[in-house]
file target.tsv (TSV, C-alpha atoms)
chain	number	residue	atom	x	y	z
A	1	VAL	CA	-37.69	-23.61	32.44
A	2	ASP	CA	-37.41	-21.26	29.45
A	3	VAL	CA	-38.82	-22.64	26.20
A	4	ILE	CA	-37.89	-22.45	22.53
A	5	ASP	CA	-40.72	-23.83	20.41
A	6	PHE	CA	-40.35	-24.49	16.69
A	7	ASP	CA	-42.14	-26.23	13.87
A	8	ILE	CA	-40.68	-29.46	12.53
A	9	ASP	CA	-39.87	-27.76	9.21
A	10	THR	CA	-37.15	-25.68	10.86
A	11	PHE	CA	-33.39	-26.08	10.49
A	12	PHE	CA	-30.85	-24.79	13.02
A	13	PHE	CA	-27.73	-23.46	11.33
A	14	ALA	CA	-26.38	-22.38	14.72
A	15	ASP	CA	-27.34	-22.48	18.38
A	16	PRO	CA	-29.93	-19.68	18.73
A	17	THR	CA	-29.50	-19.37	22.49
A	18	PRO	CA	-26.82	-16.62	22.57
A	19	VAL	CA	-28.70	-14.46	20.03
A	20	ILE	CA	-32.01	-14.93	21.84
A	21	LEU	CA	-30.63	-14.21	25.31
A	22	GLU	CA	-28.74	-11.13	24.09
A	23	GLN	CA	-31.86	-9.67	22.47
A	24	ARG	CA	-34.06	-10.63	25.43
A	25	ASP	CA	-31.74	-8.87	27.88
A	26	ARG	CA	-31.14	-5.84	25.63
A	27	GLU	CA	-34.87	-5.27	25.04
A	28	GLY	CA	-36.10	-6.39	28.48
A	29	VAL	CA	-38.70	-8.75	26.97
A	30	GLU	CA	-40.05	-12.10	28.11
A	31	MET	CA	-41.00	-13.53	24.70
A	32	LEU	CA	-39.43	-13.36	21.23
A	33	PHE	CA	-41.15	-14.36	17.99
A	34	SER	CA	-40.06	-14.85	14.43
A	35	SER	CA	-42.10	-12.89	11.93
A	36	HIS	CA	-42.94	-12.33	8.32
A	37	PHE	CA	-40.60	-9.38	7.95
A	38	ASP	CA	-42.37	-8.15	4.82
A	39	ALA	CA	-45.76	-8.25	6.57
A	40	ASP	CA	-47.17	-7.16	9.90
A	41	CYS	CA	-47.45	-10.68	11.33
A	42	LEU	CA	-45.70	-12.70	14.00
A	43	ASN	CA	-44.87	-16.25	12.97
A	44	PHE	CA	-45.77	-18.97	15.44
A	45	GLY	CA	-43.26	-21.36	13.82
A	46	PHE	CA	-40.33	-20.28	16.03
A	47	TYR	CA	-40.53	-18.47	19.34
A	48	TYR	CA	-38.88	-18.16	22.75
A	49	VAL	CA	-40.63	-17.79	26.11
A	50	ARG	CA	-38.88	-16.90	29.34
A	51	ALA	CA	-40.22	-18.78	32.37
A	52	THR	CA	-41.93	-16.12	34.46
A	53	ALA	CA	-45.22	-15.95	36.35
A	54	ARG	CA	-46.49	-13.49	33.74
A	55	THR	CA	-45.69	-15.75	30.75
A	56	ALA	CA	-47.20	-18.75	32.58
A	57	LEU	CA	-50.42	-16.81	33.09
A	58	PHE	CA	-50.37	-15.56	29.48
A	59	PHE	CA	-49.97	-19.07	28.04
A	60	THR	CA	-52.56	-20.47	30.45
A	61	HIS	CA	-55.04	-18.01	28.92
A	62	PHE	CA	-53.81	-18.61	25.38
A	63	LEU	CA	-53.83	-22.43	25.55
A	64	SER	CA	-57.20	-22.46	27.30
A	65	TRP	CA	-58.61	-20.27	24.52
A	66	TYR	CA	-56.96	-22.42	21.81
A	67	TYR	CA	-58.32	-25.62	23.38
A	68	ASN	CA	-61.86	-24.20	23.64
A	69	VAL	CA	-61.85	-22.63	20.16
A	70	PRO	CA	-60.19	-25.39	18.08
A	71	PHE	CA	-61.29	-23.97	14.73
A	72	GLU	CA	-59.13	-20.89	15.23
A	73	ASN	CA	-55.52	-20.51	14.07
A	74	GLY	CA	-52.71	-20.34	16.64
A	75	GLN	CA	-50.74	-17.78	14.67
A	76	ARG	CA	-53.74	-15.44	14.34
A	77	GLY	CA	-54.40	-16.06	18.01
A	78	ILE	CA	-50.91	-15.13	19.20
A	79	ASN	CA	-50.98	-11.98	17.06
A	80	THR	CA	-54.34	-11.04	18.57
A	81	PHE	CA	-53.41	-11.92	22.16
A	82	LEU	CA	-50.33	-9.68	21.86
A	83	ASN	CA	-52.25	-7.00	19.93
A	84	HIS	CA	-49.47	-7.11	17.35
A	85	SER	CA	-50.92	-7.00	13.85
A	86	GLU	CA	-53.15	-4.25	12.56
A	87	GLY	CA	-54.72	-6.65	10.05
A	88	VAL	CA	-55.47	-9.25	12.72
A	89	ARG	CA	-56.84	-6.53	15.04
A	90	ARG	CA	-59.35	-5.57	12.32
A	91	VAL	CA	-60.48	-9.15	11.75
A	92	GLY	CA	-59.92	-10.47	15.27
A	93	VAL	CA	-60.43	-14.01	16.47
A	94	SER	CA	-63.44	-15.78	17.91
A	95	PHE	CA	-64.22	-15.67	21.63
A	96	LEU	CA	-61.18	-13.66	22.72
A	97	PRO	CA	-61.04	-13.57	26.54
A	98	PRO	CA	-61.28	-10.09	28.08
A	99	ASP	CA	-58.46	-10.42	30.64
A	100	ILE	CA	-55.34	-11.25	28.63
A	101	PRO	CA	-52.18	-10.53	30.64
A	102	LYS	CA	-49.77	-8.07	29.03
A	103	VAL	CA	-46.29	-9.52	28.46
A	104	PRO	CA	-43.36	-7.61	26.94
A	105	TYR	CA	-42.26	-9.30	23.72
A	106	GLY	CA	-39.92	-8.66	20.83
A	107	VAL	CA	-39.50	-9.69	17.22
A	108	LEU	CA	-36.48	-11.66	16.03
A	109	ASP	CA	-34.50	-10.57	12.94
A	110	SER	CA	-36.50	-12.34	10.25
A	111	ALA	CA	-34.61	-10.84	7.33
A	112	GLN	CA	-31.29	-12.46	8.18
A	113	GLN	CA	-30.96	-14.48	11.39
A	114	PHE	CA	-34.40	-16.12	11.84
A	115	SER	CA	-35.63	-16.26	8.29
A	116	GLY	CA	-37.95	-18.50	6.34
A	117	THR	CA	-39.85	-19.10	3.16
A	118	CYS	CA	-42.80	-17.12	4.54
A	119	GLY	CA	-42.42	-13.62	3.20
A	120	SER	CA	-39.51	-12.79	0.92
A	121	GLY	CA	-37.13	-15.43	2.24
A	122	TRP	CA	-33.59	-14.86	3.42
A	123	LEU	CA	-31.88	-11.52	2.76
A	124	GLY	CA	-28.60	-12.07	4.60
A	125	GLU	CA	-25.22	-11.00	3.34
A	126	SER	CA	-23.45	-14.21	4.35
A	127	THR	CA	-24.63	-17.70	5.24
A	128	ARG	CA	-22.94	-17.06	8.58
A	129	ASP	CA	-25.87	-14.70	9.31
A	130	ILE	CA	-28.44	-17.52	9.37
A	131	VAL	CA	-29.27	-18.91	12.79
A	132	VAL	CA	-32.60	-20.63	12.08
A	133	PHE	CA	-34.52	-21.11	8.83
A	134	HIS	CA	-38.21	-22.07	8.78
A	135	TRP	CA	-39.87	-23.58	5.70
A	136	CYS	CA	-43.24	-21.96	6.43
A	137	GLY	CA	-45.54	-21.75	3.45
A	138	ALA	CA	-43.32	-23.99	1.29
A	139	LEU	CA	-44.59	-27.02	-0.56
A	140	PHE	CA	-44.03	-30.26	1.33
A	141	GLU	CA	-41.88	-31.67	-1.49
A	142	ASN	CA	-39.58	-28.63	-1.29
A	143	LYS	CA	-39.33	-28.85	2.50
A	144	TRP	CA	-38.51	-32.55	2.28
A	145	ARG	CA	-35.84	-32.08	-0.38
A	146	ASP	CA	-34.20	-29.04	1.23
A	147	LEU	CA	-34.15	-30.43	4.77
A	148	ASN	CA	-32.79	-33.80	3.61
A	149	GLU	CA	-30.01	-32.02	1.71
A	150	LEU	CA	-29.12	-29.92	4.75
A	151	TYR	CA	-29.08	-32.89	7.12
A	152	ALA	CA	-27.00	-34.88	4.64
A	153	ALA	CA	-24.55	-31.96	4.36
A	154	VAL	CA	-23.96	-32.01	8.12
A	155	GLY	CA	-23.61	-35.80	8.18
A	156	SER	CA	-26.93	-36.61	9.82
A	157	ASP	CA	-29.53	-39.19	8.83
A	158	ASP	CA	-32.42	-38.16	6.63
A	159	PHE	CA	-34.74	-35.74	8.35
A	160	TRP	CA	-37.86	-37.20	6.73
A	161	ASP	CA	-37.42	-40.95	7.05
A	162	THR	CA	-39.82	-42.52	4.56
call {"tool": "encode", "arguments": {"input": "target.tsv", "output": "structure tokens"}}
result
Amino acid sequence: VDVIDFDIDTFFFADPTPVILEQRDREGVEMLFSSHFDADCLNFGFYYVRATARTALFFTHFLSWYYNVPFENGQRGINTFLNHSEGVRRVGVSFLPPDIPKVPYGVLDSAQQFSGTCGSGWLGESTRDIVVFHWCGALFENKWRDLNELYAAVGSDDFWDT
């Protein structure tokens, strides 16, 4: 079963499935990650994983490492495991296993379609461009207010029921 994983401070403006599958097939990748588009960093707050033997092996290694090194950060870990960020490569993470499987991955459009408050925010031309928005790095009070307003606008109950 393919997986889309996202943080709770994420709002879906549209079904991301068609966009994700189109990019996955076009690029021939097995994983797609949101990012901080104004920085060299994948964001672990929204990602897609295709169910393959290779991704199962990759996440077995990753989750085993994360379980055994609980003081590390998952986002730094995923950047290091994929050898994505120059900054993370320089600093590294603790106790990185030597035999990490290589998996082809891509980066989602974080300027318009899969944006967030991490980085410079949304730079789309029309609200129709937004697929998913992630309130990474935002103050809790702002997340709460914004998400409640969005859920109220679509006729849903409060997101943060207090």
call {"tool": "atom_distance", "arguments": {"input": "target.tsv", "atom1": "CA of His134 in chain A", "atom2": "CA of Cys118 in chain A"}}
result
8.0 Å
call {"tool": "residues_around", "arguments": {"input": "target.tsv", "residues": "range 51-57 of chain A", "least_positions_apart": "5", "cutoff": "12 Å", "atoms": "all atoms listed in the file", "output": "list in words"}}
result
Val1, Asp2, Val3, Ile4, Val29, Glu30, Met31, Leu32, Phe62, Leu63, Ser64, Leu82, Asp99, Ile100, Pro101, Lys102, Val103, Pro104 and Tyr105 of chain A
call {"tool": "write_last_selection", "arguments": {"input": "target.tsv", "atoms": "C-alpha atoms", "output": "compact mmCIF listing (two decimals), in the frame of the given file"}}
result
# COMPACT_ATOMS: atom_id res chain seq x y z
CA VAL A 1 -37.69 -23.61 32.44
CA ASP A 2 -37.41 -21.26 29.45
CA VAL A 3 -38.82 -22.64 26.20
CA ILE A 4 -37.89 -22.45 22.53
CA VAL A 29 -38.70 -8.75 26.97
CA GLU A 30 -40.05 -12.10 28.11
CA MET A 31 -41.00 -13.53 24.70
CA LEU A 32 -39.43 -13.36 21.23
CA PHE A 62 -53.81 -18.61 25.38
CA LEU A 63 -53.83 -22.43 25.55
CA SER A 64 -57.20 -22.46 27.30
CA LEU A 82 -50.33 -9.68 21.86
CA ASP A 99 -58.46 -10.42 30.64
CA ILE A 100 -55.34 -11.25 28.63
CA PRO A 101 -52.18 -10.53 30.64
CA LYS A 102 -49.77 -8.07 29.03
CA VAL A 103 -46.29 -9.52 28.46
CA PRO A 104 -43.36 -7.61 26.94
CA TYR A 105 -42.26 -9.30 23.72
call {"tool": "residues_around", "arguments": {"input": "target.tsv", "residues": "Ala138 in chain A", "least_positions_apart": "2", "cutoff": "10 Å", "atoms": "all atoms listed in the file", "output": "PyMOL selection string"}}
result
chain A and resi 9+116-118+134-136+140-144
call {"tool": "write_last_selection", "arguments": {"input": "target.tsv", "atoms": "C-alpha atoms", "output": "compact mmCIF listing (two decimals), keeping the file's coordinate frame"}}
result
# COMPACT_ATOMS: atom_id res chain seq x y z
CA ASP A 9 -39.87 -27.76 9.21
CA GLY A 116 -37.95 -18.50 6.34
CA THR A 117 -39.85 -19.10 3.16
CA CYS A 118 -42.80 -17.12 4.54
CA HIS A 134 -38.21 -22.07 8.78
CA TRP A 135 -39.87 -23.58 5.70
CA CYS A 136 -43.24 -21.96 6.43
CA PHE A 140 -44.03 -30.26 1.33
CA GLU A 141 -41.88 -31.67 -1.49
CA ASN A 142 -39.58 -28.63 -1.29
CA LYS A 143 -39.33 -28.85 2.50
CA TRP A 144 -38.51 -32.55 2.28
call {"tool": "closest_residue", "arguments": {"input": "target.tsv", "among": "A:Asp25, A:Glu72, A:Glu86, A:Glu149", "to": "Cys41 in chain A", "atoms": "only C-alpha atoms"}}
result
A:Glu86
call {"tool": "closest_residue", "arguments": {"input": "target.tsv", "among": "A:Ile130, A:Glu27, A:Leu150, A:Arg145", "to": "Ala14 in chain A", "atoms": "only C-alpha atoms"}}
result
A:Ile130
call {"tool": "closest_residue", "arguments": {"input": "target.tsv", "among": "A:Ile20, A:Leu42, A:Leu139, A:Leu108", "to": "Thr80 in chain A", "atoms": "all atoms listed in the file"}}
result
A:Leu42
call {"tool": "atom_distance", "arguments": {"input": "target.tsv", "atom1": "CA of Leu21 in chain A", "atom2": "CA of Ala152 in chain A"}}
result
29.5 Å
call {"tool": "atom_distance", "arguments": {"input": "target.tsv", "atom1": "CA of His36 in chain A", "atom2": "CA of Ala153 in chain A"}}
result
27.2 Å
call {"tool": "residues_around", "arguments": {"input": "target.tsv", "residues": "Gln113 in chain A", "least_positions_apart": "3", "cutoff": "7 Å", "atoms": "all atoms listed in the file", "output": "compact mmCIF listing (two decimals) with C-alpha atoms, in the frame of the given file"}}
result
# COMPACT_ATOMS: atom_id res chain seq x y z
CA ASP A 109 -34.50 -10.57 12.94
CA SER A 110 -36.50 -12.34 10.25
CA ASP A 129 -25.87 -14.70 9.31
CA ILE A 130 -28.44 -17.52 9.37
CA VAL A 131 -29.27 -18.91 12.79
CA VAL A 132 -32.60 -20.63 12.08
